[in-house]
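**Q** I'm passing along my_file34.txt; it holds compact mmCIF, C-alpha atoms.
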```
# COMPACT_ATOMS: atom_id res chain seq x y z
CA MET A 1 -6.06 21.30 14.41
CA ILE A 2 -3.25 18.81 13.86
CA ASP A 3 -1.26 19.01 10.63
CA ILE A 4 -0.86 15.48 9.29
CA THR A 5 1.67 14.30 6.74
CA VAL A 6 0.55 11.37 4.61
CA ALA A 7 3.29 9.28 3.01
CA VAL A 8 2.74 6.66 0.33
CA VAL A 9 5.45 4.02 0.19
CA ALA A 10 5.98 2.87 -3.39
CA LYS A 11 8.45 1.60 -5.92
CA GLU A 12 8.79 2.10 -9.65
CA CYS A 13 6.47 -0.24 -11.51
CA LEU A 14 8.86 -2.07 -13.81
CA PRO A 15 8.02 -5.40 -15.53
CA GLY A 16 9.50 -8.29 -13.62
CA LYS A 17 10.11 -6.12 -10.54
CA VAL A 18 6.58 -5.61 -9.19
CA LYS A 19 3.60 -7.88 -8.59
CA THR A 20 5.52 -10.96 -9.74
CA ARG A 21 2.93 -13.20 -8.07
CA LEU A 22 0.41 -12.05 -10.69
CA THR A 23 2.46 -13.91 -13.30
CA PRO A 24 2.10 -16.10 -15.29
CA ALA A 25 -1.63 -15.35 -15.11
CA LEU A 26 -0.60 -11.90 -16.34
CA THR A 27 2.45 -11.05 -18.39
CA PRO A 28 5.20 -9.15 -16.53
CA SER A 29 4.20 -6.00 -18.43
CA GLY A 30 0.55 -6.56 -17.53
CA ALA A 31 1.42 -7.05 -13.88
CA ALA A 32 3.46 -3.83 -13.93
CA ARG A 33 0.52 -1.92 -15.41
CA VAL A 34 -1.75 -3.29 -12.69
CA ALA A 35 0.75 -2.17 -10.04
CA ALA A 36 1.01 1.27 -11.62
CA ALA A 37 -2.78 1.59 -11.64
CA SER A 38 -2.93 0.54 -7.98
CA LEU A 39 -0.41 3.22 -7.13
CA ALA A 40 -2.25 5.84 -9.20
CA ASP A 41 -5.54 5.12 -7.43
CA THR A 42 -3.81 5.31 -4.05
CA LEU A 43 -2.15 8.63 -4.89
CA ALA A 44 -5.49 10.05 -6.04
CA THR A 45 -7.13 9.08 -2.76
CA VAL A 46 -4.30 10.54 -0.71
CA ALA A 47 -4.34 13.74 -2.78
CA ALA A 48 -7.97 14.28 -1.70
CA LEU A 49 -7.33 13.76 2.03
CA PRO A 50 -7.25 16.75 4.39
CA ALA A 51 -3.49 16.46 4.87
CA ALA A 52 -1.04 19.29 5.43
CA ARG A 53 1.67 17.55 3.42
CA ARG A 54 1.89 14.58 1.08
CA VAL A 55 5.07 12.56 0.56
CA LEU A 56 5.95 9.86 -1.95
CA PHE A 57 8.46 7.57 -0.26
CA PHE A 58 9.87 6.23 -3.47
CA ASP A 59 12.21 3.51 -4.71
CA GLY A 60 12.97 4.17 -8.37
CA ASP A 61 14.02 6.68 -11.00
CA VAL A 62 10.88 7.65 -12.95
CA LEU A 63 8.11 9.15 -10.84
CA PRO A 64 4.58 7.79 -11.33
CA ASP A 65 1.61 9.68 -12.70
CA GLY A 66 -0.24 11.59 -10.02
CA ALA A 67 2.83 12.48 -7.95
CA ASP A 68 3.00 16.16 -8.96
CA ASP A 69 1.64 17.44 -5.65
CA PHE A 70 3.79 15.11 -3.54
CA ASP A 71 7.15 15.80 -2.01
CA VAL A 72 9.50 12.98 -2.99
CA LEU A 73 11.66 11.25 -0.41
CA LEU A 74 13.87 8.51 -1.83
CA GLN A 75 14.07 5.25 0.05
CA PRO A 76 17.46 4.29 1.46
CA GLY A 77 18.92 0.80 1.31
CA GLY A 78 18.24 -1.91 3.83
CA GLY A 79 15.30 -4.08 4.76
CA LEU A 80 11.75 -2.77 4.70
CA ASP A 81 11.69 -2.28 8.46
CA GLU A 82 14.84 -0.16 8.23
CA ARG A 83 13.44 1.89 5.35
CA LEU A 84 10.18 2.53 7.16
CA GLY A 85 12.14 3.40 10.27
CA PHE A 86 14.06 5.95 8.21
CA LEU A 87 10.78 7.48 7.03
CA PHE A 88 9.32 7.75 10.53
CA ASP A 89 12.51 9.46 11.70
CA ALA A 90 12.67 11.82 8.71
CA ILE A 91 9.19 13.35 9.02
CA ASP A 92 8.44 15.93 11.70
CA GLY A 93 4.98 15.87 13.20
CA PRO A 94 2.12 13.37 12.90
CA LEU A 95 2.66 10.88 10.07
CA LEU A 96 0.31 8.49 8.31
CA LEU A 97 1.89 5.78 6.17
CA VAL A 98 -0.16 4.18 3.38
CA GLY A 99 0.97 1.33 1.12
CA MET A 100 0.48 1.12 -2.65
CA ASP A 101 -1.16 -2.34 -2.71
CA THR A 102 -4.66 -1.37 -1.53
CA PRO A 103 -6.17 0.63 -4.42
CA GLN A 104 -9.58 0.30 -2.78
CA VAL A 105 -8.50 2.55 0.10
CA SER A 106 -10.89 5.43 0.56
CA ALA A 107 -11.29 8.58 2.59
CA GLU A 108 -14.02 6.76 4.51
CA ALA A 109 -11.58 4.04 5.56
CA LEU A 110 -9.27 6.69 6.98
CA ALA A 111 -11.98 8.90 8.46
CA PRO A 112 -11.63 7.58 12.06
CA LEU A 113 -8.01 8.71 12.07
CA PHE A 114 -8.75 12.18 10.75
CA ASP A 115 -11.62 12.47 13.23
CA ASP A 116 -9.30 11.63 16.13
CA PRO A 117 -5.70 12.53 15.22
CA GLU A 118 -4.84 13.18 18.88
CA ARG A 119 -4.74 9.43 19.49
CA ASP A 120 -1.18 8.12 19.79
CA ALA A 121 -1.45 5.72 16.87
CA TRP A 122 -3.77 4.20 14.29
CA PHE A 123 -3.21 0.81 12.72
CA GLY A 124 -4.70 -0.57 9.50
CA PRO A 125 -4.46 -4.38 9.40
CA ALA A 126 -4.31 -6.34 6.15
CA GLU A 127 -6.03 -9.66 5.54
CA ASP A 128 -2.74 -11.42 4.89
CA GLY A 129 -1.46 -10.63 8.38
CA GLY A 130 0.46 -7.48 7.48
CA PHE A 131 -0.68 -3.89 7.64
CA TRP A 132 -1.69 -1.35 5.00
CA SER A 133 -1.42 1.82 7.08
CA LEU A 134 0.20 3.13 10.22
CA TYR A 135 -0.22 6.49 11.94
CA LEU A 136 1.98 7.85 14.70
CA ARG A 137 1.22 11.21 16.29
CA GLU A 138 4.84 11.36 17.42
CA PRO A 139 6.69 9.31 14.80
CA THR A 140 9.83 7.41 15.69
CA GLY A 141 11.55 4.81 13.57
CA ASP A 142 12.43 2.68 16.57
CA LEU A 143 8.83 1.47 16.65
CA LEU A 144 9.31 -0.17 13.23
CA ARG A 145 12.92 -1.31 13.10
CA GLY A 146 13.25 -4.99 13.85
CA VAL A 147 9.66 -5.87 12.96
CA PRO A 148 9.81 -8.89 10.60
CA MET A 149 8.21 -7.84 7.35
CA SER A 150 6.31 -9.86 4.72
CA GLN A 151 5.27 -12.56 7.19
CA ASP A 152 1.83 -13.69 8.29
CA ASP A 153 2.50 -12.27 11.76
CA THR A 154 3.97 -8.93 10.67
CA GLY A 155 0.86 -7.02 11.65
CA ALA A 156 0.57 -8.72 15.02
CA VAL A 157 4.21 -8.01 15.83
CA GLN A 158 3.90 -4.38 14.75
CA PHE A 159 0.68 -3.88 16.72
CA ALA A 160 2.30 -5.42 19.81
CA ARG A 161 5.29 -3.12 19.37
CA LEU A 162 2.95 -0.13 19.56
CA THR A 163 0.95 -1.30 22.55
CA ASP A 164 4.06 -2.48 24.41
CA ALA A 165 5.34 1.09 24.07
CA GLY A 166 2.26 2.23 25.97
CA LEU A 167 0.55 3.85 22.99
CA ASP A 168 -3.21 4.24 22.70
CA VAL A 169 -3.81 2.52 19.35
CA GLY A 170 -6.95 2.79 17.25
CA THR A 171 -7.71 0.18 14.62
CA LEU A 172 -8.87 0.96 11.09
CA GLU A 173 -10.81 -1.46 8.94
CA THR A 174 -9.06 -4.53 7.56
CA LEU A 175 -8.21 -4.27 3.86
CA LEU A 176 -6.99 -6.82 1.34
CA ASP A 177 -3.52 -6.33 -0.14
CA VAL A 178 -3.22 -7.22 -3.81
CA ASP A 179 -0.68 -10.03 -4.05
CA THR A 180 -2.29 -12.73 -6.19
CA VAL A 181 -4.79 -12.81 -9.07
CA PRO A 182 -7.68 -13.86 -6.77
CA ASP A 183 -6.77 -10.94 -4.48
CA ALA A 184 -6.77 -8.60 -7.45
CA GLU A 185 -10.13 -9.80 -8.68
CA ARG A 186 -11.72 -9.37 -5.25
CA VAL A 187 -10.39 -5.83 -5.00
CA ALA A 188 -11.46 -4.99 -8.55
CA GLU A 189 -15.02 -6.00 -7.64
CA LEU A 190 -14.94 -3.46 -4.79
CA VAL A 191 -13.82 -0.61 -7.07
CA PRO A 192 -15.05 -1.58 -10.56
CA ASP A 193 -14.62 1.92 -12.01
CA SER A 194 -11.04 2.35 -10.81
CA ARG A 195 -7.85 2.52 -12.85
CA PHE A 196 -6.87 -0.68 -11.09
CA ALA A 197 -9.95 -2.61 -12.23
CA ARG A 198 -9.52 -1.43 -15.82
CA ALA A 199 -5.83 -2.34 -15.85
CA LEU A 200 -6.56 -5.79 -14.40
CA GLN A 201 -9.23 -6.46 -17.00
CA ALA A 202 -6.90 -5.40 -19.80
CA GLY A 203 -4.09 -7.51 -18.37
CA GLU A 204 -6.27 -10.59 -18.04
CA SER A 205 -7.52 -10.18 -21.60
CA SER A 206 -3.97 -9.88 -22.88
CA ALA A 207 -2.77 -12.89 -20.90
CA GLY A 208 -5.78 -14.93 -21.93
CA SER A 209 -4.96 -14.39 -25.60
CA SER A 210 -1.33 -15.41 -25.13
CA SER A 211 0.01 -18.86 -25.89
CA ALA A 212 1.99 -18.79 -22.66
CA PRO A 213 0.65 -20.89 -19.77
CA SER A 214 -1.87 -18.91 -17.74
CA SER A 215 -3.58 -20.05 -14.56
CA PHE A 216 -6.24 -17.42 -15.16
CA ALA A 217 -6.95 -18.70 -18.64
CA THR A 218 -7.41 -22.25 -17.41
CA THR A 219 -9.22 -21.67 -14.11
CA GLY A 220 -11.10 -18.46 -14.71
CA GLY A 221 -9.03 -16.76 -12.04
CA ILE A 222 -11.09 -18.15 -9.13
CA ARG A 223 -9.01 -19.98 -6.57
CA SER A 224 -9.88 -21.15 -3.09
```
For the structure just supplied, provide its representation as structure tokens.
**A**
Amino acid sequence: MIDITVAVVAKECLPGKVKTRLTPALTPSGAARVAAASLADTLATVAALPAARRVLFFDGDVLPDGADDFDVLLQPGGGLDERLGFLFDAIDGPLLLVGMDTPQVSAEALAPLFDDPERDAWFGPAEDGGFWSLYLREPTGDLLRGVPMSQDDTGAVQFARLTDAGLDVGTLETLLDVDTVPDAERVAELVPDSRFARALQAGESSAGSSSAPSSFATTGGIRS
């Protein structure tokens, strides 16, 4: 049986520093609470996975709730590709990376990987063109450094990097990253009993009662 390390990449959920695209529909504090709830749901899912080790790859000072059973590895400086490269060099043995922006992630979504961890790699594409997870049986940071991050072709470039290296890559289901209010509302509908859904509802209620301009208050949060 292969011992898998699962790492969650996350940053401290401070107002004005996370989920800024949820404002002004939400207040900065409301957006930070939504981000914190997304991270908490993700950590809870990862905590229940059959992993040998769990790591929080963290940018910040105050650890989030739910991180007690995680080893903490602080992120270095540099671009996201460099930081992820650092992570994939720092961990010995098979490594699964999971982001903090898909609170709907479930054990079922990751089951193909845990059923077949001998495969060279597993890739979880995101709807926005990025990726929400990446597994390497033999991790090396060189497979991530230089990949342009936060672009609509990030996932395609990363996937090509893996296949060009001759890896046998399995594909997980496509998930939606939470970036905008419509994204958040779609995800909340998928997991209505989650911390994330409750935090979003509370944030929308708070923003809706504010005198500040709110696209959610004026459009009902539904955008094409």
**Q** If we count all atoms listed in the file and set the cut-off at 12 Å, which residues sit around Thr20 in chain A, ignoring sequence neighbours fewer than 6 positions away in its own chain? Please answer as a list in words.
**A**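 My list of contacting residues is Cys13, Leu14, Leu26, Thr27, Pro28, Ser29, Gly30, Ala31, Ala32, Arg33, Val34, Ala35, Val178, Asp179, Thr180 and Val181 of chain A.
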**Q** Using all atoms listed in the file, which of the listed residues (A:Pro192, A:Gly141, A:Gly170, A:Gly93) sits closest to Asp120 in chain A?
**A**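 Looking at the shortest contact to Asp120 in chain A, the residue is A:Gly170.
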**Q** For a quick check of your reading of the model, name the residues lying within 12 Å of the coordinate (13.3, 2.4, 7.0), counting all atoms listed in the file, and write them as a ChimeraX atom specification.
**A** /A:9,57-59,73-91,97,140-147,149
**Q** With a distance cut-off of 9 Å and all atoms listed in the file, select the neighbouring residues of Ala37 in chain A, excluding the residue or stretch itself and same-chain residues fewer than 5 positions from it, and output the selection as a list in words.
**A**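 Contacts, in chain order: Ala32, Thr42, Pro103, Ser194, Arg195, Phe196, Ala197, Arg198, Ala199 and Leu200 of chain A.
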**Q** Return the single residue from A:Asp65, A:Glu189, A:Asp3, A:Glu173 that is closest to Glu118 in chain A, with distances computed using only C-alpha atoms.
**A**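 Checking each of A:Asp65, A:Glu189, A:Asp3, A:Glu173 against Glu118 in chain A, counting only C-alpha atoms, the winner is A:Asp3.
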**Q** What's around Ala7 in chain A at 8 Å? Count only C-alpha atoms, leave out sequence neighbours fewer than 2 positions away in its own chain, and write the answer as a count of residues only.
**A** 10
